[in-house]
Structures are given as C-alpha cells and as structure tokens.
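Engineer: You'll find final-v5.txt just under this line, and it carries compact mmCIF, C-alpha atoms.
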```txt
# COMPACT_ATOMS: atom_id res chain seq x y z
CA MET A 1 60.37 1.48 12.61
CA THR A 2 60.89 -2.09 11.43
CA ASN A 3 63.01 -3.63 8.72
CA LYS A 4 60.81 -6.71 8.54
CA PRO A 5 59.28 -7.54 5.16
CA LYS A 6 55.52 -7.03 5.19
CA ALA A 7 52.87 -9.26 3.62
CA ILE A 8 49.17 -8.81 2.98
CA ALA A 9 47.32 -12.10 3.58
CA LEU A 10 44.03 -13.34 2.18
CA TYR A 11 42.51 -14.72 5.36
CA SER A 12 39.38 -16.83 5.66
CA GLY A 13 39.74 -17.96 9.26
CA GLY A 14 40.18 -21.48 7.88
CA LEU A 15 43.14 -23.76 8.50
CA ASP A 16 45.12 -23.18 5.30
CA SER A 17 45.02 -19.39 5.34
CA ALA A 18 45.89 -19.36 9.05
CA LEU A 19 48.89 -21.64 8.49
CA ALA A 20 50.17 -19.51 5.60
CA ILE A 21 50.16 -16.53 7.95
CA LEU A 22 51.82 -18.40 10.81
CA VAL A 23 54.59 -19.68 8.53
CA MET A 24 55.41 -16.11 7.55
CA ILE A 25 55.19 -14.75 11.10
CA HIS A 26 57.43 -17.60 12.29
CA HIS A 27 60.08 -16.28 9.90
CA GLU A 28 59.77 -12.68 11.09
CA VAL A 29 57.49 -11.41 8.32
CA GLU A 30 54.98 -8.78 9.38
CA VAL A 31 51.47 -9.77 8.27
CA GLU A 32 48.27 -7.82 7.84
CA ALA A 33 45.23 -9.93 6.96
CA LEU A 34 42.33 -9.09 4.65
CA LYS A 35 39.12 -10.97 5.40
CA PHE A 36 36.77 -10.64 2.45
CA ILE A 37 33.05 -10.57 3.14
CA ILE A 38 30.91 -11.58 0.18
CA PRO A 39 27.19 -10.94 -0.37
CA PHE A 40 26.35 -14.65 -0.60
CA GLY A 41 26.77 -15.55 3.04
CA TYR A 42 30.30 -16.77 3.61
CA SER A 43 33.55 -14.92 3.78
CA THR A 44 36.60 -16.11 1.86
CA GLY A 45 37.13 -19.86 1.99
CA ASP A 46 36.08 -22.03 4.87
CA MET A 47 34.38 -19.88 7.47
CA PRO A 48 31.22 -17.79 7.76
CA SER A 49 31.88 -14.08 8.14
CA GLY A 50 32.28 -12.83 11.68
CA ASN A 51 33.62 -16.12 13.06
CA SER A 52 35.22 -15.51 16.46
CA THR A 53 38.05 -18.01 15.82
CA SER A 54 39.59 -15.57 13.34
CA SER A 55 40.01 -12.82 15.90
CA SER A 56 41.34 -15.20 18.58
CA VAL A 57 44.07 -16.50 16.24
CA ALA A 58 44.95 -12.94 15.20
CA LYS A 59 45.19 -11.81 18.81
CA GLU A 60 47.36 -14.75 19.81
CA TRP A 61 49.76 -14.36 16.89
CA GLY A 62 49.81 -10.59 16.70
CA PHE A 63 48.40 -9.69 13.30
CA ASN A 64 45.59 -7.36 12.35
CA ILE A 65 42.47 -8.32 10.39
CA ILE A 66 40.78 -5.85 8.07
CA ASN A 67 37.28 -6.74 6.84
CA LYS A 68 36.70 -5.90 3.19
CA HIS A 69 33.23 -6.09 1.63
CA LEU A 70 33.27 -6.98 -2.05
CA GLY A 71 29.65 -5.95 -2.68
CA TRP A 72 28.28 -5.66 -6.20
CA ASP A 73 31.64 -6.45 -7.80
CA PHE A 74 31.27 -9.95 -6.41
CA VAL A 75 27.62 -10.23 -7.44
CA GLU A 76 28.65 -9.38 -10.99
CA ILE A 77 31.26 -12.15 -11.21
CA VAL A 78 28.72 -14.67 -9.87
CA LYS A 79 26.31 -13.58 -12.61
CA ASN A 80 28.89 -13.39 -15.40
CA PRO A 81 32.13 -15.21 -14.55
CA LYS A 82 34.80 -14.70 -17.20
CA PHE A 83 36.54 -17.97 -16.35
CA GLY A 84 33.44 -20.09 -15.78
CA ARG A 85 32.06 -21.81 -12.71
CA GLY A 86 32.72 -24.94 -10.75
CA LYS A 87 30.07 -27.61 -10.31
CA ASN A 88 27.48 -25.11 -9.06
CA MET A 89 27.41 -21.27 -8.90
CA ASN A 90 30.99 -20.92 -7.64
CA PRO A 91 33.11 -18.67 -9.92
CA CYS A 92 36.34 -19.84 -8.25
CA ILE A 93 38.93 -18.32 -10.59
CA ASP A 94 37.12 -14.99 -10.99
CA CYS A 95 36.63 -14.87 -7.23
CA ARG A 96 40.31 -15.44 -6.54
CA LEU A 97 41.35 -12.82 -9.09
CA LEU A 98 38.99 -10.23 -7.62
CA MET A 99 40.32 -10.79 -4.13
CA LEU A 100 43.95 -10.72 -5.25
CA LYS A 101 43.43 -7.48 -7.14
CA GLU A 102 41.88 -5.93 -4.03
CA ALA A 103 44.81 -7.26 -2.00
CA GLY A 104 47.21 -5.73 -4.52
CA VAL A 105 45.62 -2.31 -4.09
CA HIS A 106 45.90 -2.66 -0.31
CA MET A 107 49.53 -3.80 -0.66
CA GLU A 108 50.41 -0.63 -2.55
CA ARG A 109 48.56 1.66 -0.14
CA SER A 110 50.04 0.08 2.98
CA GLY A 111 53.59 -0.19 1.69
CA ALA A 112 53.65 -3.97 1.97
CA ASP A 113 56.08 -6.07 -0.07
CA PHE A 114 53.93 -8.98 -1.24
CA VAL A 115 50.65 -10.90 -0.90
CA ILE A 116 50.22 -14.39 0.57
CA THR A 117 47.39 -16.91 0.36
CA GLY A 118 46.66 -20.31 1.87
CA GLU A 119 46.21 -21.96 -1.54
CA VAL A 120 47.42 -25.54 -1.84
CA LEU A 121 48.42 -27.06 -5.16
CA GLY A 122 45.78 -29.56 -6.33
CA GLN A 123 43.51 -29.17 -3.31
CA ARG A 124 40.55 -27.67 -5.17
CA PRO A 125 39.48 -28.98 -8.57
CA LEU A 126 39.33 -25.65 -10.41
CA SER A 127 41.22 -22.70 -8.95
CA GLN A 128 44.12 -24.71 -7.50
CA LEU A 129 45.14 -26.82 -10.46
CA ARG A 130 48.74 -26.07 -11.44
CA ASP A 131 47.92 -24.35 -14.75
CA ASN A 132 45.24 -22.22 -13.10
CA LEU A 133 47.49 -21.26 -10.20
CA ASP A 134 50.04 -20.01 -12.75
CA MET A 135 47.37 -18.19 -14.73
CA ILE A 136 45.92 -16.55 -11.63
CA ALA A 137 49.38 -15.39 -10.58
CA GLU A 138 49.91 -13.89 -14.03
CA LYS A 139 46.52 -12.14 -14.26
CA SER A 140 46.29 -10.98 -10.64
CA GLY A 141 48.14 -7.75 -11.36
CA LEU A 142 50.60 -8.48 -8.56
CA GLY A 143 53.57 -8.70 -10.90
CA GLY A 144 55.16 -11.73 -9.28
CA ARG A 145 54.46 -10.61 -5.72
CA LEU A 146 52.07 -13.47 -4.95
CA VAL A 147 53.42 -16.06 -2.52
CA ARG A 148 51.71 -19.34 -1.61
CA PRO A 149 53.69 -20.50 1.44
CA LEU A 150 52.07 -23.93 1.79
CA SER A 151 53.02 -25.04 -1.74
CA GLY A 152 55.77 -22.55 -2.54
CA LYS A 153 58.51 -25.13 -3.07
CA LEU A 154 56.44 -26.72 -5.84
CA LEU A 155 55.86 -23.42 -7.66
CA PRO A 156 58.17 -21.04 -9.57
CA PRO A 157 60.28 -18.62 -7.48
CA THR A 158 58.52 -15.34 -6.76
CA LEU A 159 59.92 -11.80 -6.69
CA PRO A 160 60.10 -11.71 -2.86
CA GLU A 161 62.35 -14.78 -3.05
CA LYS A 162 64.53 -13.30 -5.77
CA GLU A 163 64.84 -10.04 -3.84
CA GLY A 164 65.84 -11.84 -0.64
CA LEU A 165 62.77 -10.79 1.31
CA ILE A 166 61.93 -14.42 2.02
CA LYS A 167 63.86 -17.67 1.64
CA ARG A 168 62.70 -20.66 -0.37
CA GLU A 169 63.51 -23.01 2.50
CA TRP A 170 60.79 -21.27 4.54
CA LEU A 171 58.18 -22.50 2.08
CA LEU A 172 56.44 -25.88 2.13
CA ASP A 173 55.65 -28.56 -0.46
CA ILE A 174 52.07 -29.45 0.45
CA GLN A 175 49.78 -30.62 -2.36
CA GLY A 176 46.56 -32.55 -2.87
CA ARG A 177 43.33 -32.85 -0.92
CA SER A 178 44.67 -34.53 2.22
CA ARG A 179 44.90 -32.27 5.26
CA LYS A 180 47.33 -34.48 7.23
CA LYS A 181 50.32 -32.19 6.73
CA GLN A 182 48.30 -29.12 7.62
CA ILE A 183 46.95 -30.73 10.78
CA ALA A 184 50.48 -31.75 11.79
CA LEU A 185 51.72 -28.21 11.13
CA ALA A 186 48.85 -26.76 13.16
CA LYS A 187 49.87 -29.01 16.06
CA LYS A 188 53.46 -27.82 15.72
CA PHE A 189 52.35 -24.19 15.95
CA GLY A 190 49.90 -24.94 18.76
CA LEU A 191 46.96 -23.90 16.58
CA LYS A 192 43.83 -25.54 17.96
CA ASP A 193 40.89 -23.40 16.82
CA TYR A 194 40.30 -23.73 13.08
CA SER A 195 37.43 -24.64 10.81
CA SER A 196 36.52 -28.13 9.70
CA PRO A 197 37.74 -29.07 6.20
CA ALA A 198 34.12 -29.95 5.43
CA GLY A 199 33.29 -26.24 5.47
CA GLY A 200 33.48 -24.14 2.36
CA CYS A 201 32.05 -21.57 0.06
CA LEU A 202 28.26 -21.51 0.14
CA LEU A 203 28.24 -21.05 -3.65
CA THR A 204 29.35 -24.67 -4.02
CA ASP A 205 26.12 -25.86 -2.39
CA GLN A 206 23.68 -27.24 -4.99
CA GLN A 207 20.46 -26.19 -3.26
CA TYR A 208 21.73 -22.69 -2.53
CA SER A 209 22.93 -22.38 -6.13
CA ARG A 210 19.43 -23.15 -7.40
CA LYS A 211 18.10 -20.25 -5.32
CA ILE A 212 20.69 -17.91 -6.84
CA GLU A 213 19.84 -19.07 -10.37
CA ASP A 214 16.16 -18.45 -9.64
CA LEU A 215 16.93 -14.93 -8.38
CA PHE A 216 19.00 -14.10 -11.46
CA THR A 217 16.33 -15.54 -13.78
CA PHE A 218 13.22 -13.87 -12.40
CA GLU A 219 14.44 -10.69 -10.67
CA SER A 220 15.90 -8.04 -12.95
CA LYS A 221 16.28 -5.70 -9.98
CA PHE A 222 17.30 -7.13 -6.62
CA ASP A 223 19.18 -5.84 -3.60
CA PHE A 224 21.33 -7.24 -0.81
CA ASN A 225 18.21 -7.95 1.23
CA ASP A 226 17.03 -10.32 -1.52
CA ILE A 227 20.45 -11.99 -1.47
CA ASP A 228 20.44 -12.33 2.33
CA LEU A 229 17.02 -13.96 2.13
CA LEU A 230 18.47 -16.75 -0.03
CA ARG A 231 20.25 -18.18 3.02
CA VAL A 232 17.02 -18.67 4.96
CA GLY A 233 14.21 -21.22 4.71
CA ARG A 234 12.57 -23.25 1.97
CA HIS A 235 12.00 -21.35 -1.29
CA PHE A 236 9.09 -21.75 -3.70
CA ARG A 237 8.64 -20.04 -7.07
CA LEU A 238 4.87 -19.46 -7.35
CA SER A 239 4.98 -17.42 -10.56
CA GLU A 240 7.38 -15.34 -12.62
CA ARG A 241 6.41 -12.37 -10.44
CA CYS A 242 6.59 -13.74 -6.89
CA LYS A 243 8.14 -16.34 -4.61
CA LEU A 244 7.51 -17.73 -1.13
CA ILE A 245 9.99 -18.39 1.68
CA ILE A 246 9.02 -20.71 4.56
CA GLY A 247 11.00 -20.84 7.81
CA ARG A 248 12.27 -24.24 8.95
CA ASN A 249 12.73 -23.43 12.64
CA GLU A 250 12.39 -20.61 15.16
CA GLU A 251 15.75 -19.10 14.24
CA GLU A 252 14.80 -18.91 10.57
CA ASN A 253 11.36 -17.52 11.44
CA LYS A 254 13.09 -14.66 13.27
CA ALA A 255 15.48 -14.10 10.36
CA ILE A 256 12.60 -13.98 7.86
CA LEU A 257 10.76 -11.40 9.95
CA TYR A 258 13.94 -9.36 10.32
CA LEU A 259 14.51 -9.37 6.54
CA SER A 260 10.89 -8.72 5.63
CA LYS A 261 9.89 -5.51 3.82
CA LYS A 262 6.67 -3.52 4.21
CA SER A 263 5.62 -4.70 0.77
CA ASP A 264 5.90 -8.41 1.72
CA PHE A 265 3.02 -10.63 2.80
CA ILE A 266 3.65 -12.47 6.09
CA PHE A 267 1.74 -15.67 6.94
CA GLU A 268 1.40 -17.65 10.17
CA VAL A 269 -1.00 -20.45 11.12
CA MET A 270 -2.95 -19.54 14.24
CA ASN A 271 -3.13 -21.52 17.50
CA VAL A 272 -0.58 -24.20 16.50
CA GLY A 273 3.15 -24.48 15.92
CA SER A 274 3.72 -22.66 12.63
CA PRO A 275 6.48 -21.51 10.32
CA ILE A 276 6.63 -17.94 9.12
CA GLY A 277 5.85 -17.60 5.43
CA LEU A 278 7.02 -14.58 3.44
CA LEU A 279 5.61 -13.82 -0.02
CA ARG A 280 7.65 -11.32 -2.05
CA GLY A 281 6.81 -9.82 -5.43
CA LYS A 282 3.69 -8.86 -7.33
CA ALA A 283 1.29 -11.56 -6.17
CA SER A 284 -2.18 -12.25 -7.51
CA GLN A 285 -5.03 -13.46 -5.29
CA ASP A 286 -4.34 -16.99 -6.55
CA ASP A 287 -0.66 -16.61 -5.60
CA ILE A 288 -1.62 -15.47 -2.10
CA LYS A 289 -4.00 -18.39 -1.64
CA LEU A 290 -1.33 -20.83 -2.82
CA ALA A 291 1.26 -19.30 -0.48
CA VAL A 292 -1.12 -19.55 2.48
CA SER A 293 -1.83 -23.23 1.75
CA ILE A 294 1.90 -23.99 1.54
CA THR A 295 2.50 -22.24 4.86
CA ALA A 296 -0.28 -24.36 6.39
CA ARG A 297 1.34 -27.51 5.00
CA TYR A 298 4.46 -26.91 7.13
CA SER A 299 2.56 -26.19 10.36
CA ASP A 300 1.67 -28.66 13.10
CA ALA A 301 -1.87 -28.67 11.66
CA LYS A 302 -0.78 -29.97 8.24
CA THR A 303 -3.07 -33.02 8.43
CA GLN A 304 -6.22 -31.02 9.18
CA LYS A 305 -8.75 -30.29 6.46
CA SER A 306 -8.89 -26.60 7.27
CA VAL A 307 -6.75 -24.24 9.36
CA ILE A 308 -6.82 -20.52 10.12
CA VAL A 309 -3.87 -18.53 8.73
CA ASN A 310 -3.12 -14.93 9.61
CA ILE A 311 -2.06 -12.71 6.70
CA LYS A 312 -0.19 -9.46 7.34
CA LYS A 313 1.00 -6.78 4.95
CA GLY A 314 2.24 -3.56 6.45
CA ASP A 315 -0.32 -2.45 9.04
CA GLN A 316 -3.11 -4.63 7.62
CA SER A 317 -3.98 -8.05 9.01
CA LYS A 318 -6.70 -10.66 8.49
CA ASP A 319 -7.37 -14.35 9.15
CA ILE A 320 -8.55 -16.78 6.48
CA PRO A 321 -9.40 -20.52 6.48
CA ILE A 322 -7.35 -22.69 4.14
CA CYS A 323 -6.69 -26.36 3.37
CA PRO A 324 -2.99 -27.36 3.57
CA ILE A 325 -1.59 -28.09 0.11
CA ASP A 326 -1.08 -31.63 -1.13
CA ASN A 327 2.54 -32.80 -1.27
CA GLU A 328 2.43 -33.68 -4.97
CA ILE A 329 1.27 -30.19 -5.86
CA LEU A 330 3.78 -28.64 -3.46
CA ASN A 331 6.77 -30.14 -5.27
CA LYS A 332 5.85 -28.30 -8.49
CA TYR A 333 6.80 -25.00 -6.88
CA ARG A 334 9.88 -25.93 -4.85
CA ILE A 335 13.09 -24.22 -5.94
```
Just give me the structure as structure tokens.

Structural biologist:
Amino acid sequence: MTNKPKAIALYSGGLDSALAILVMIHHEVEVEALKFIIPFGYSTGDMPSGNSTSSSVAKEWGFNIINKHLGWDFVEIVKNPKFGRGKNMNPCIDCRLLMLKEAGVHMERSGADFVITGEVLGQRPLSQLRDNLDMIAEKSGLGGRLVRPLSGKLLPPTLPEKEGLIKREWLLDIQGRSRKKQIALAKKFGLKDYSSPAGGCLLTDQQYSRKIEDLFTFESKFDFNDIDLLRVGRHFRLSERCKLIIGRNEEENKAILYLSKKSDFIFEVMNVGSPIGLLRGKASQDDIKLAVSITARYSDAKTQKSVIVNIKKGDQSKDIPICPIDNEILNKYRI
C-alpha cells in the first residue's frame, strides 16, 4: 500500500505532457497516464499514436500508459464543436473537455486524487488562453481537481493544493510560446527523447482539414476506414457521388491497397512507375475514365499521348488505353 497522492495524466508523448508527469513524479506523486487515440490520425497533442518514445519515457520513469480510443465521440465534436474551431478543423476546446471528462471518469474508477495536463498558459491561441483555461477547468466536471503543473503558479489554487496533496512551490510559472524553459527542464531531468515543437494535431493542417470538410459534405454515411484514408495520398472530388485517391510514393500505395474495399476501383499504369489510384463511391463510366486519366497523369508515362492502365474491382480486371489528363483540367477536381 502507498500513501502517495495519485494523479491521472493526459499524455501525448510530447515534451509538455512528459514534463508535467516528471514534475509530479519528482515530488513523489504516483502517476498513471492516459494516451488518447483519435480517429483523425494523431493522438493527443504532439505525437502520432503508437510512438515508441512514449513507452521508453514511461519505462524509465516508472509510470503506466493506458491507451484510450475516443472513437465516434471525437468525430462528433469535429463535425459539431460547441465551442468552435481554431484556424482549420481543430475543435481545441471541445477536444480538451472530452479528454478531461474521460480522465475524470478514469480518476474516479482508479481511486486517483486529481488529473494533470501539460497545458501551458498562452502557448496555444485558443484552448490555452487564460479565460479559456479557467472555463475548461470549470466545465471539465473535475470539480477543481485539474492541475496544470507547468503553469500552476500563474493559475488559481486547486483542490489538491488546498487539501495538502501537493504544494504550490512544486508548480512552475511557464507561459507563452517559447519552449526554452521546457527544454532547460528536460535537460535537468535528463529527458532526451521528446517530440519536436513543430509537431501537432493533424486537424490544424489546412490540406488535411479540406479533406475532412469534403468527407462531411459529400458522405452522409462514412466509417473509420474512410477517415483513415484521409491521411493518405492526393484526393480528388470527381462528383458528388465519388472521389479518387492517388498514392504519392510506395508507402502510400501500400496503404491505399491495405485500406481498399471490394467495392473500390483500383488503377495502376502498366509497364512504368505508377501510383495506385483508388476510386470510391458510385462512379459513372465518365467518372471511371476521368479517374484513370488522373492516375496516368501521376505515372512516369505522364507525357505520353496514350498509356495502358489496369482497372481492378473485386475479382474483375481489365486494361484500357487512356491519355493522361491535362494539368489545367486536373486542378478543377483537386480537394
């Protein structure tokens, strides 16, 4: 048995969330980390899901990581965020509230005393402004049991402080977008493996956000496979009923084939270096012809007047000649 206070941490594998955990562990707080996996490609914060750095830090510092999939609850807040979005499709405040509520449930079930995050006052333009930090704390359902160790001295005292579970002098006064203090603290702790500050939530990416908007606009029924496909290749909206995805390299070609369904059309230019093209939806003959010509445009034979493209759907396969599409026409369909 232990008399140590226990905290549940929101852990991304990024620098800030790692430091928040290490600060607490340094002061004899037991920590269990929740790593949220979201349907749009990246886990919480700075790192892609499954990053090995997360487990190496946890092993070195002696805390457990529990992966938690947010699933359709997260999809719903991306579609209809109550508190709005950032510059692109990122519902930062709704996202934070969803994760904190999940952390609160886990806190109750595990008998933990409070929840910690790596949030830094003023670092992010929406969710980490002072007023929004206060609002998130109020609406999280944690009842004052939310601690932000990296900026705690700049924020109102929390219940764990008032109850003597933690001391205010343990907390830091970091604020703003600079990472100098965090990097210095990482050096002090001997933390070497952490993500680049240039990383971040994929939903903040403009091009990726356009793909999400297209999916929400034209697909009334979609699944996680459709969402996974958004992370791969160039996307083209050919009609309201179908779209084309073109691989950009061998790795993406493999991913497209892996994600393909029996109902999809698969295209590949024969006898030359070629991307994989995937056509999904209810496609007309004109749509198929257009998709084939776009696939040819991205092959090594793009300057030829006619190329042979193999078309597969399920167990059926055939080759057809096609002229690669003109660039000016191509741009009309790019998402």

Engineer: Could you check which of A:Lys87, A:His27, A:Arg234, A:Lys35 is closest to Pro149 (chain A), using all atoms listed in the file?

Structural biologist: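 Of all the options, A:His27 lies closest to Pro149 (chain A).
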
Engineer: Env of Asp73 (chain A): 12 Å cut, atoms = only C-alpha atoms, seq-sep filter 6 positions within chain, self excluded. Answer as a PDB file with C-alpha atoms, in the coordinates of the input.

Structural biologist:
```pdb
ATOM      1  CA  ILE A  37      33.050 -10.570   3.140  1.00  0.00           C
ATOM      2  CA  ILE A  38      30.910 -11.580   0.180  1.00  0.00           C
ATOM      3  CA  PRO A  39      27.190 -10.940  -0.370  1.00  0.00           C
ATOM      4  CA  LYS A  79      26.310 -13.580 -12.610  1.00  0.00           C
ATOM      5  CA  ASN A  80      28.890 -13.390 -15.400  1.00  0.00           C
ATOM      6  CA  PRO A  81      32.130 -15.210 -14.550  1.00  0.00           C
ATOM      7  CA  ASP A  94      37.120 -14.990 -10.990  1.00  0.00           C
ATOM      8  CA  CYS A  95      36.630 -14.870  -7.230  1.00  0.00           C
ATOM      9  CA  LEU A  97      41.350 -12.820  -9.090  1.00  0.00           C
ATOM     10  CA  LEU A  98      38.990 -10.230  -7.620  1.00  0.00           C
ATOM     11  CA  MET A  99      40.320 -10.790  -4.130  1.00  0.00           C
ATOM     12  CA  LYS A 101      43.430  -7.480  -7.140  1.00  0.00           C
ATOM     13  CA  GLU A 102      41.880  -5.930  -4.030  1.00  0.00           C
TER      14      GLU A 102
END
```

Engineer: Could you list, as a PyMOL selection string, every residue within 12 Å of Ser55 (chain A), counting all atoms listed in the file and ignoring same-chain residues fewer than 2 positions away?

Structural biologist: chain A and resi 11-14+18+33+35+49-53+57-67+193-194

Engineer: Save the residues we just selected, C-alpha atoms, as a compact mmCIF listing (two decimals), in the coordinates of the input?

Structural biologist:
```txt
# COMPACT_ATOMS: atom_id res chain seq x y z
CA TYR A 11 42.51 -14.72 5.36
CA SER A 12 39.38 -16.83 5.66
CA GLY A 13 39.74 -17.96 9.26
CA GLY A 14 40.18 -21.48 7.88
CA ALA A 18 45.89 -19.36 9.05
CA ALA A 33 45.23 -9.93 6.96
CA LYS A 35 39.12 -10.97 5.40
CA SER A 49 31.88 -14.08 8.14
CA GLY A 50 32.28 -12.83 11.68
CA ASN A 51 33.62 -16.12 13.06
CA SER A 52 35.22 -15.51 16.46
CA THR A 53 38.05 -18.01 15.82
CA VAL A 57 44.07 -16.50 16.24
CA ALA A 58 44.95 -12.94 15.20
CA LYS A 59 45.19 -11.81 18.81
CA GLU A 60 47.36 -14.75 19.81
CA TRP A 61 49.76 -14.36 16.89
CA GLY A 62 49.81 -10.59 16.70
CA PHE A 63 48.40 -9.69 13.30
CA ASN A 64 45.59 -7.36 12.35
CA ILE A 65 42.47 -8.32 10.39
CA ILE A 66 40.78 -5.85 8.07
CA ASN A 67 37.28 -6.74 6.84
CA ASP A 193 40.89 -23.40 16.82
CA TYR A 194 40.30 -23.73 13.08
```

Engineer: Which residue gives the smallest distance to Tyr333 (chain A) among A:Leu257, A:Cys242, A:Ile308, A:Ile276, with all atoms listed in the file counted?

Structural biologist: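 Counting all atoms listed in the file, the residue closest to Tyr333 (chain A) is A:Cys242.
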
Engineer: What is the distance between CA of Leu185 (chain A) and CA of Gln128 (chain A), in Å to one decimal?

Structural biologist: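 Computed distance, CA of Leu185 (chain A) to CA of Gln128 (chain A), equals 20.4 Å.
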
Engineer: In Å, with one decimal, what is the gap from CA of Leu70 (chain A) to CA of Cys201 (chain A)?

Structural biologist: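 Atom-to-atom, CA of Leu70 (chain A) to CA of Cys201 (chain A), that is 14.8 Å.
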
Engineer: Find the residues with any atom within 12 Å of (39.8, -26.6, -7.5); use only C-alpha atoms and the coordinates as given in the file, and write the answer as number ranges by chain.

Structural biologist: A: 45, 85-87, 90-93, 96, 119-133, 175-177, 200-201, 204

Engineer: Would you mind telling me which residue in A:Ile246, A:Ile256, A:Leu330, A:Cys323 lies nearest to Thr295 (chain A) when using only C-alpha atoms?

Structural biologist: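 Distance minimum relative to Thr295 (chain A) lands on A:Ile246.
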
Engineer: Report the distance between CA of Ser263 (chain A) and CA of Lys313 (chain A) in Å, rounded to one decimal place.

Structural biologist: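 Rounded to one decimal, the two atoms are 6.6 Å apart.
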